[in-house]
>>> print(open('my_file34.txt').read())   # compact mmCIF, C-alpha atoms
# COMPACT_ATOMS: atom_id res chain seq x y z
CA MET A 14 -22.48 -49.31 23.28
CA THR A 15 -22.25 -46.98 26.28
CA PRO A 16 -21.77 -43.21 25.78
CA HIS A 17 -18.30 -43.51 27.32
CA THR A 18 -17.29 -46.27 24.87
CA LYS A 19 -18.69 -44.32 21.94
CA LYS A 20 -16.77 -41.21 23.00
CA THR A 21 -13.55 -43.25 23.32
CA LEU A 22 -13.93 -44.72 19.82
CA ILE A 23 -14.53 -41.26 18.35
CA ILE A 24 -11.34 -39.97 20.00
CA ILE A 25 -9.37 -42.95 18.71
CA PHE A 26 -10.73 -42.36 15.19
CA ILE A 27 -9.77 -38.67 15.30
CA ILE A 28 -6.25 -39.49 16.51
CA GLN A 29 -5.78 -42.12 13.78
CA THR A 30 -7.00 -39.68 11.13
CA ILE A 31 -4.57 -37.00 12.30
CA CYS A 32 -1.67 -39.48 12.43
CA ASN A 33 -2.48 -40.81 8.96
CA GLY A 34 -2.61 -37.25 7.70
CA TYR A 35 0.85 -36.54 9.11
CA HIS A 36 2.13 -39.80 7.62
CA CYS A 37 0.87 -38.83 4.16
CA LEU A 38 2.31 -35.35 4.51
CA TRP A 39 5.70 -36.78 5.54
CA ALA A 40 5.66 -39.22 2.62
CA GLN A 41 4.82 -36.41 0.21
CA GLU A 42 7.62 -34.22 1.50
CA THR A 43 10.04 -37.12 1.17
CA ASN A 44 9.00 -37.69 -2.45
CA ASN A 45 9.49 -33.99 -3.14
CA ASP A 46 13.12 -34.11 -2.02
CA PHE A 47 15.73 -33.48 -4.69
CA GLN A 48 17.13 -36.91 -5.58
CA PHE A 49 18.57 -39.08 -8.33
CA LYS A 50 16.08 -40.26 -10.93
CA GLU A 51 18.36 -41.99 -13.46
CA VAL A 52 21.99 -42.58 -14.33
CA MET A 53 23.02 -43.85 -17.77
CA ILE A 54 26.14 -45.95 -18.26
CA VAL A 55 27.74 -46.75 -21.62
CA ALA A 56 29.16 -50.28 -21.33
CA ARG A 57 31.15 -52.77 -23.38
CA ASP A 58 28.84 -55.63 -22.33
CA VAL A 59 25.45 -54.71 -20.89
CA LYS A 60 24.87 -58.20 -19.51
CA LEU A 61 28.19 -58.27 -17.64
CA SER A 62 27.66 -54.77 -16.27
CA ALA A 63 24.06 -55.45 -15.17
CA THR A 64 25.12 -58.68 -13.47
CA TRP A 65 27.69 -56.75 -11.42
CA TYR A 66 25.21 -54.15 -10.18
CA ARG A 67 22.63 -56.83 -9.39
CA LYS A 68 25.08 -59.10 -7.59
CA TYR A 69 26.84 -56.52 -5.44
CA LEU A 70 24.25 -53.77 -5.01
CA ASP A 71 21.00 -55.75 -5.30
CA ILE A 72 19.64 -53.49 -8.04
CA ALA A 73 16.88 -55.39 -9.85
CA ILE A 74 16.80 -55.94 -13.62
CA LYS A 75 13.50 -54.68 -15.06
CA GLU A 76 14.15 -54.77 -18.80
CA TYR A 77 16.84 -56.62 -20.74
CA LYS A 78 17.40 -56.32 -24.49
CA PRO A 79 20.55 -58.24 -25.47
CA GLN A 80 23.25 -56.13 -27.13
CA LYS A 81 21.10 -53.01 -26.66
CA HIS A 82 20.38 -51.99 -23.07
CA VAL A 83 19.40 -53.06 -19.57
CA LYS A 84 17.15 -51.03 -17.30
CA MET A 85 17.60 -51.68 -13.59
CA CYS A 86 15.54 -50.20 -10.78
CA ILE A 87 15.64 -49.72 -7.06
CA GLY A 88 12.80 -47.65 -5.63
CA ASP A 89 12.17 -44.71 -7.98
CA PHE A 90 15.73 -44.78 -9.32
CA THR A 91 16.68 -46.26 -12.71
CA LEU A 92 20.16 -47.41 -13.70
CA HIS A 93 20.13 -47.47 -17.50
CA ILE A 94 23.01 -49.45 -19.00
CA LYS A 95 23.43 -48.86 -22.73
CA GLN A 96 25.46 -50.97 -25.14
CA GLY A 97 28.22 -48.78 -26.57
CA ASN A 98 29.62 -48.82 -30.08
CA ASN A 99 33.11 -50.34 -30.34
CA VAL A 100 33.73 -49.21 -26.76
CA LEU A 101 37.00 -47.94 -25.32
CA VAL A 102 37.67 -48.02 -21.58
CA ARG A 103 39.84 -45.35 -19.98
CA SER A 104 42.80 -47.70 -19.53
CA GLN A 105 42.93 -48.14 -23.33
CA LEU A 106 43.07 -44.43 -24.13
CA ARG A 107 46.10 -42.96 -25.83
CA LEU A 108 46.00 -39.33 -24.84
CA PRO A 109 47.99 -36.64 -26.66
CA LYS A 110 51.50 -36.07 -25.35
CA GLY A 111 51.53 -34.17 -22.08
CA LYS A 112 47.84 -34.81 -21.39
CA LYS A 113 46.90 -37.03 -18.45
CA TYR A 114 43.37 -36.10 -17.37
CA ILE A 115 39.84 -36.12 -18.77
CA ASN A 116 36.99 -33.85 -17.69
CA GLY A 117 33.75 -35.69 -16.97
CA ILE A 118 31.63 -37.68 -14.54
CA ASP A 119 34.10 -39.70 -12.48
CA LYS A 120 32.09 -41.57 -9.85
CA ILE A 121 28.61 -42.39 -8.65
CA GLY A 122 27.90 -43.47 -5.09
CA PHE A 123 25.32 -45.56 -3.27
CA ALA A 124 24.43 -45.74 0.41
CA THR A 125 23.61 -49.16 1.85
CA ASN A 126 22.60 -50.58 5.21
CA LYS A 127 24.68 -53.71 4.41
CA PHE A 128 27.99 -51.87 4.11
CA GLU A 129 30.25 -54.56 5.60
CA GLU A 130 28.44 -57.33 3.73
CA VAL A 131 28.89 -55.57 0.37
CA ARG A 132 32.59 -55.02 1.09
CA ASP A 133 33.04 -58.70 2.06
CA ARG A 134 31.13 -59.90 -1.00
CA LEU A 135 33.38 -57.89 -3.32
CA SER A 136 36.51 -59.13 -1.55
CA THR A 137 35.41 -62.77 -1.65
CA SER A 138 34.74 -62.48 -5.39
CA GLY A 139 38.16 -60.92 -6.05
CA GLN A 140 36.73 -57.58 -7.15
CA LYS A 141 39.05 -54.57 -7.23
CA VAL A 142 38.89 -52.13 -4.30
CA LEU A 143 40.60 -48.83 -5.07
CA GLU A 144 40.25 -47.33 -1.61
CA GLU A 145 39.62 -49.27 1.58
CA ILE A 146 37.09 -48.27 4.23
CA THR A 147 37.65 -44.62 5.10
CA GLU A 148 35.69 -41.98 6.99
CA ASP A 149 34.92 -38.76 5.14
CA LYS A 150 34.94 -36.22 7.97
CA ASN A 151 33.27 -33.56 5.85
CA LEU A 152 30.30 -35.85 5.19
CA SER A 153 30.45 -37.83 8.48
CA LEU A 154 30.12 -41.01 6.42
CA ARG A 155 32.24 -44.13 6.02
CA TYR A 156 32.89 -45.30 2.48
CA PHE A 157 35.04 -47.47 0.25
CA LEU A 158 35.71 -47.20 -3.47
CA THR A 159 35.44 -50.00 -6.01
CA THR A 160 34.99 -50.38 -9.80
CA ASP A 161 32.43 -52.00 -12.08
CA PRO A 162 33.46 -54.26 -15.03
CA ASP A 163 34.33 -51.26 -17.23
CA GLY A 164 36.49 -49.64 -14.57
CA ASN A 165 33.88 -47.04 -13.62
CA LYS A 166 34.36 -45.89 -10.02
CA VAL A 167 31.55 -46.74 -7.62
CA GLN A 168 31.69 -45.33 -4.09
CA ILE A 169 29.79 -47.22 -1.39
CA PHE A 170 28.65 -45.36 1.74
CA ASP A 171 27.63 -46.78 5.11
CA GLN A 172 24.08 -45.86 6.11
CA PRO A 173 23.04 -48.14 9.00
CA ASN A 174 19.46 -49.38 9.26
CA PRO A 175 18.48 -52.32 11.49
CA ILE A 176 15.97 -53.93 9.12
CA ASP A 177 16.91 -57.28 7.57
CA SER A 178 16.25 -56.42 3.93
CA VAL A 179 18.89 -54.65 1.86
CA ILE A 180 18.45 -50.91 1.34
CA VAL A 181 20.48 -49.29 -1.43
CA LYS A 182 19.99 -45.75 -2.71
CA PRO A 183 22.03 -43.41 -4.93
CA ILE A 184 23.28 -40.37 -3.01
CA PHE A 185 26.54 -39.21 -4.63
CA PHE A 186 28.24 -38.24 -7.88
CA SER A 187 31.64 -36.80 -8.68
CA VAL A 188 32.86 -34.68 -11.57
CA LEU A 189 36.45 -34.13 -12.72
CA SER A 190 36.96 -30.56 -13.89
CA SER A 191 39.89 -28.45 -15.01
CA ASP A 192 37.69 -25.37 -14.47
CA TYR A 193 36.23 -26.15 -11.05
CA ILE A 194 35.25 -22.54 -10.30
CA ASN A 195 32.90 -22.41 -13.28
CA THR A 196 31.76 -25.98 -12.57
CA MET A 197 30.69 -24.98 -9.07
CA LYS A 198 29.06 -21.83 -10.43
CA TRP A 199 27.10 -23.83 -13.06
CA TYR A 200 25.63 -26.26 -10.53
CA GLU A 201 24.87 -23.51 -8.02
CA GLU A 202 23.10 -21.34 -10.59
CA ASN A 203 21.32 -24.05 -12.61
CA ILE A 204 20.45 -26.66 -9.94
CA ASP A 205 20.75 -24.70 -6.69
CA PHE A 206 23.51 -26.82 -5.15
CA THR A 207 25.07 -25.29 -2.04
CA GLU A 208 28.58 -25.84 -0.72
CA ILE A 209 29.18 -28.06 2.32
CA GLU A 210 31.22 -26.53 5.11
CA THR A 211 34.73 -27.96 5.17
CA ILE A 212 35.85 -29.61 8.42
CA ASP A 213 38.74 -31.73 7.14
CA GLU A 214 41.00 -29.53 5.00
CA SER A 215 43.41 -32.28 3.97
CA LYS A 216 41.77 -32.37 0.50
CA ILE A 217 40.87 -28.70 0.24
CA HIS A 218 43.42 -28.07 -2.50
CA TYR A 219 41.64 -30.33 -4.96
CA GLN A 220 38.09 -30.98 -3.80
CA ASN A 221 34.81 -29.14 -3.24
CA LEU A 222 31.68 -30.74 -1.82
CA LEU A 223 28.15 -29.49 -2.46
CA HIS A 224 24.70 -30.85 -1.74
CA LYS A 225 21.03 -30.46 -2.59
CA GLY A 226 18.28 -32.54 -0.99
CA ALA A 227 19.38 -36.17 -0.91
CA VAL A 228 22.31 -35.68 -3.35
CA ILE A 229 25.98 -35.05 -2.54
CA PHE A 230 28.15 -33.59 -5.32
CA GLU A 231 31.94 -33.72 -5.37
CA ILE A 232 34.09 -31.59 -7.70
CA ILE A 233 37.64 -32.82 -8.15
CA HIS A 234 40.03 -30.19 -9.47
CA LEU A 235 42.18 -31.15 -12.45
CA PRO A 236 45.15 -29.35 -13.97
CA TYR A 237 44.22 -26.99 -16.79
CA GLU A 238 45.75 -29.30 -19.39
CA ALA A 239 42.84 -31.76 -18.99
CA LEU A 240 40.86 -32.75 -22.10
CA GLU A 241 37.23 -33.01 -23.13
CA THR A 242 36.33 -36.38 -24.70
CA THR A 243 35.51 -34.66 -28.00
CA GLU A 244 39.18 -33.74 -28.32
CA PHE A 245 40.54 -37.27 -28.61
CA MET A 246 37.80 -39.92 -29.12
CA PRO A 247 38.00 -41.73 -32.49
CA LEU A 248 34.95 -41.35 -34.72
CA GLY A 249 32.46 -44.18 -34.40
CA ARG A 250 33.63 -45.27 -30.96
CA ASP A 251 32.19 -44.69 -27.49
CA LEU A 252 33.95 -44.23 -24.17
CA ALA A 253 32.75 -46.49 -21.37
CA GLY A 254 31.46 -44.46 -18.48
CA PHE A 255 28.66 -42.46 -16.92
CA SER A 256 27.07 -40.47 -19.74
CA GLN A 257 23.91 -38.92 -18.31
CA ILE A 258 22.47 -38.01 -14.91
CA VAL A 259 18.81 -37.17 -14.26
CA PHE A 260 17.66 -35.53 -11.04
CA LYS A 261 14.10 -35.25 -9.79
CA SER A 262 12.19 -33.12 -7.33
CA GLY A 263 8.44 -32.76 -6.88
CA ASP A 264 6.29 -34.48 -9.49
CA GLY A 265 9.01 -34.17 -12.13
CA LYS A 266 8.05 -32.19 -15.22
CA ASN A 267 9.84 -33.08 -18.45
CA SER A 268 12.86 -31.04 -19.43
CA THR A 269 15.66 -31.42 -21.96
CA PHE A 270 19.23 -32.44 -21.20
CA GLU A 271 21.63 -29.58 -20.67
CA LEU A 272 25.40 -29.67 -20.89
CA ASP A 273 27.29 -28.46 -17.85
CA ASN A 274 30.54 -26.56 -18.41
CA ASN A 275 32.36 -29.91 -18.75
CA ALA A 276 29.95 -31.16 -21.46
CA ASN A 277 28.25 -33.67 -19.12
CA GLN A 278 24.60 -34.36 -19.92
CA ILE A 279 22.47 -33.28 -16.95
CA LYS A 280 18.67 -33.13 -16.60
CA TRP A 281 16.54 -31.85 -13.71
CA LEU A 282 12.89 -32.94 -13.64
CA ARG A 283 10.93 -30.49 -11.48
>>> encode(input="my_file34.txt", output="structure tokens")
Amino acid sequence: MTPHTKKTLIIIFIIQTICNGYHCLWAQETNNDFQFKEVMIVARDVKLSATWYRKYLDIAIKEYKPQKHVKMCIGDFTLHIKQGNNVLVRSQLRLPKGKKYINGIDKIGFATNKFEEVRDRLSTSGQKVLEEITEDKNLSLRYFLTTDPDGNKVQIFDQPNPIDSVIVKPIFFSVLSSDYINTMKWYEENIDFTEIETIDESKIHYQNLLHKGAVIFEIIHLPYEALETTEFMPLGRDLAGFSQIVFKSGDGKNSTFELDNNANQIKWLR
């Protein structure tokens, strides 16, 4: 090996070491981003619900216990579907006279690089689409809105990526609140969410958008006559829906669930 060749190999080795170091640093910073860790859904039929999320969003089933729960995973995110007790769906509710709205977690949303394919797959299968493809100017993202087997709203966002394999990741959740000022205050003070600047004001009278890391948070304003579920749910019955959300940043130290001002169960692992 000539001195020139040896010198060249040393330089190449140094460059590779530096690049690998930057790659590891970038990967670590990405893992430290604030992101979804887990969402729990109470369902009438865990098998039916899990099949829907696997078929349309390619979320893999990791653990299945019939009539109990299904744990599904994509990347570091877990979708935990729990079998409810004598479950009611929202369309079956008989609210007190004059009451029309319920505070709570209203939607979750996933970004996918197969946006058109997911929309076509749902349409071909006769699945319900509540809102056709629309552009959210405040988020600069296209989306459409559909429902799972229990009528839970699932918002699908377009996030292009040229690779062939399907990429799906949770990026969004929405809360209905009849006290949106204190809802915004709770998430700002407890989880450090910050408000997104409004460009399109067509929804400004009933919507606020916030974000932290890789998570977008929508607050939908309800009239003050809205109810908490504890005010009308029969004893011994569960309401189908999103019951818990876990966020993660850094290595994720254990913490207990807290109730936001709308009685939603929220946990932040940090």
>>> atom_distance(input="my_file34.txt", atom1="CA of Asp264 in chain A", atom2="CA of Gly117 in chain A")
28.5 Å
>>> closest_residue(input="my_file34.txt", among="A:Asp58, A:Asp273, A:Asp177, A:Glu241", to="Asp161 in chain A", atoms="all atoms listed in the file")
A:Asp58
>>> residues_around(input="my_file34.txt", residues="Val83 in chain A", least_positions_apart="5", cutoff="10 Å", atoms="all atoms listed in the file", output="PyMOL selection string")
chain A and resi 54+59-60+62-63+74-78+92-96
>>> write_last_selection(input="my_file34.txt", atoms="C-alpha atoms", output="PDB file, in the coordinates of the input")
ATOM      1  CA  ILE A  54      26.140 -45.950 -18.260  1.00  0.00           C
ATOM      2  CA  VAL A  59      25.450 -54.710 -20.890  1.00  0.00           C
ATOM      3  CA  LYS A  60      24.870 -58.200 -19.510  1.00  0.00           C
ATOM      4  CA  SER A  62      27.660 -54.770 -16.270  1.00  0.00           C
ATOM      5  CA  ALA A  63      24.060 -55.450 -15.170  1.00  0.00           C
ATOM      6  CA  ILE A  74      16.800 -55.940 -13.620  1.00  0.00           C
ATOM      7  CA  LYS A  75      13.500 -54.680 -15.060  1.00  0.00           C
ATOM      8  CA  GLU A  76      14.150 -54.770 -18.800  1.00  0.00           C
ATOM      9  CA  TYR A  77      16.840 -56.620 -20.740  1.00  0.00           C
ATOM     10  CA  LYS A  78      17.400 -56.320 -24.490  1.00  0.00           C
ATOM     11  CA  LEU A  92      20.160 -47.410 -13.700  1.00  0.00           C
ATOM     12  CA  HIS A  93      20.130 -47.470 -17.500  1.00  0.00           C
ATOM     13  CA  ILE A  94      23.010 -49.450 -19.000  1.00  0.00           C
ATOM     14  CA  LYS A  95      23.430 -48.860 -22.730  1.00  0.00           C
ATOM     15  CA  GLN A  96      25.460 -50.970 -25.140  1.00  0.00           C
TER      16      GLN A  96
END
>>> atom_distance(input="my_file34.txt", atom1="CA of Phe157 in chain A", atom2="CA of Lys120 in chain A")
12.1 Å
>>> residues_around(input="my_file34.txt", residues="Ile194 in chain A", least_positions_apart="3", cutoff="10 Å", atoms="only C-alpha atoms", output="list in words")
Ser190, Ser191, Met197, Lys198, Trp199, Asn221, Ile232 and His234 of chain A
>>> closest_residue(input="my_file34.txt", among="A:Ala124, A:Ile115, A:Ile204, A:Leu108", to="Asn174 in chain A", atoms="all atoms listed in the file")
A:Ala124
>>> residues_near_point(input="my_file34.txt", point="(20.7, -41.4, -15.3)", cutoff="8 Å", atoms="all atoms listed in the file", output="JSON, numbers by chain")
{"A": [49, 50, 51, 52, 53, 54, 91, 92, 93, 256, 257, 258, 259, 260]}
>>> build_atoms(input="my_file34.txt", residues="range 43-54 of chain A", atoms="all heavy atoms", output="compact mmCIF listing (two decimals), in the coordinates of the input")
# COMPACT_ATOMS: atom_id res chain seq x y z
N THR A 43 8.90 -36.28 1.52
CA THR A 43 10.04 -37.12 1.17
C THR A 43 10.14 -37.29 -0.34
O THR A 43 11.21 -37.20 -0.93
CB THR A 43 9.92 -38.50 1.84
OG1 THR A 43 9.86 -38.32 3.25
CG2 THR A 43 11.10 -39.39 1.51
N ASN A 44 9.01 -37.53 -1.01
CA ASN A 44 9.00 -37.69 -2.45
C ASN A 44 9.38 -36.41 -3.17
O ASN A 44 9.85 -36.44 -4.30
CB ASN A 44 7.62 -38.16 -2.93
CG ASN A 44 7.33 -39.59 -2.51
OD1 ASN A 44 8.25 -40.37 -2.31
ND2 ASN A 44 6.06 -39.93 -2.37
N ASN A 45 9.16 -35.27 -2.52
CA ASN A 45 9.49 -33.99 -3.14
C ASN A 45 10.96 -33.64 -2.99
O ASN A 45 11.42 -32.65 -3.56
CB ASN A 45 8.64 -32.86 -2.53
CG ASN A 45 7.22 -32.87 -3.11
OD1 ASN A 45 6.99 -33.41 -4.17
ND2 ASN A 45 6.29 -32.29 -2.38
N ASP A 46 11.70 -34.39 -2.19
CA ASP A 46 13.12 -34.11 -2.02
C ASP A 46 13.85 -34.22 -3.35
O ASP A 46 13.53 -35.06 -4.19
CB ASP A 46 13.75 -35.10 -1.03
CG ASP A 46 13.45 -34.74 0.41
OD1 ASP A 46 12.93 -33.64 0.64
OD2 ASP A 46 13.71 -35.57 1.29
N PHE A 47 14.86 -33.39 -3.52
CA PHE A 47 15.73 -33.48 -4.69
C PHE A 47 16.52 -34.78 -4.59
O PHE A 47 17.14 -35.06 -3.57
CB PHE A 47 16.67 -32.28 -4.71
CG PHE A 47 17.58 -32.23 -5.89
CD1 PHE A 47 17.15 -31.69 -7.09
CD2 PHE A 47 18.87 -32.70 -5.81
CE1 PHE A 47 18.00 -31.62 -8.20
CE2 PHE A 47 19.73 -32.65 -6.89
CZ PHE A 47 19.29 -32.11 -8.10
N GLN A 48 16.50 -35.60 -5.64
CA GLN A 48 17.13 -36.91 -5.58
C GLN A 48 17.49 -37.38 -6.99
O GLN A 48 17.11 -36.78 -7.99
CB GLN A 48 16.18 -37.92 -4.94
CG GLN A 48 14.82 -38.01 -5.63
CD GLN A 48 13.80 -38.74 -4.81
OE1 GLN A 48 13.90 -39.95 -4.62
NE2 GLN A 48 12.80 -38.03 -4.32
N PHE A 49 18.25 -38.47 -7.05
CA PHE A 49 18.57 -39.08 -8.33
C PHE A 49 17.32 -39.73 -8.91
O PHE A 49 16.57 -40.39 -8.21
CB PHE A 49 19.63 -40.16 -8.17
CG PHE A 49 21.04 -39.65 -8.03
CD1 PHE A 49 21.62 -39.49 -6.78
CD2 PHE A 49 21.79 -39.34 -9.15
CE1 PHE A 49 22.90 -39.03 -6.64
CE2 PHE A 49 23.09 -38.88 -9.03
CZ PHE A 49 23.65 -38.72 -7.77
N LYS A 50 17.14 -39.57 -10.21
CA LYS A 50 16.08 -40.26 -10.93
C LYS A 50 16.66 -41.34 -11.84
O LYS A 50 16.13 -42.44 -11.94
CB LYS A 50 15.27 -39.27 -11.76
CG LYS A 50 14.19 -39.89 -12.64
CD LYS A 50 13.13 -40.60 -11.81
CE LYS A 50 12.03 -41.17 -12.71
NZ LYS A 50 11.06 -41.98 -11.94
N GLU A 51 17.76 -41.02 -12.53
CA GLU A 51 18.36 -41.99 -13.46
C GLU A 51 19.83 -41.66 -13.70
O GLU A 51 20.23 -40.50 -13.71
CB GLU A 51 17.61 -41.96 -14.80
CG GLU A 51 18.16 -42.93 -15.84
CD GLU A 51 17.33 -42.95 -17.12
OE1 GLU A 51 16.08 -42.96 -17.03
OE2 GLU A 51 17.95 -42.95 -18.21
N VAL A 52 20.61 -42.71 -13.87
CA VAL A 52 21.99 -42.58 -14.33
C VAL A 52 22.15 -43.52 -15.53
O VAL A 52 21.71 -44.67 -15.48
CB VAL A 52 23.01 -42.96 -13.23
CG1 VAL A 52 24.42 -43.06 -13.82
CG2 VAL A 52 22.99 -41.95 -12.10
N MET A 53 22.76 -43.00 -16.60
CA MET A 53 23.02 -43.85 -17.77
C MET A 53 24.50 -44.18 -17.84
O MET A 53 25.35 -43.32 -17.66
CB MET A 53 22.58 -43.18 -19.07
CG MET A 53 22.88 -44.04 -20.30
SD MET A 53 22.34 -43.31 -21.87
CE MET A 53 20.58 -43.65 -21.77
N ILE A 54 24.77 -45.47 -18.10
CA ILE A 54 26.14 -45.95 -18.26
C ILE A 54 26.30 -46.51 -19.67
O ILE A 54 25.46 -47.28 -20.14
CB ILE A 54 26.46 -47.07 -17.24
CG1 ILE A 54 26.36 -46.54 -15.81
CG2 ILE A 54 27.85 -47.64 -17.50
CD1 ILE A 54 26.55 -47.63 -14.77
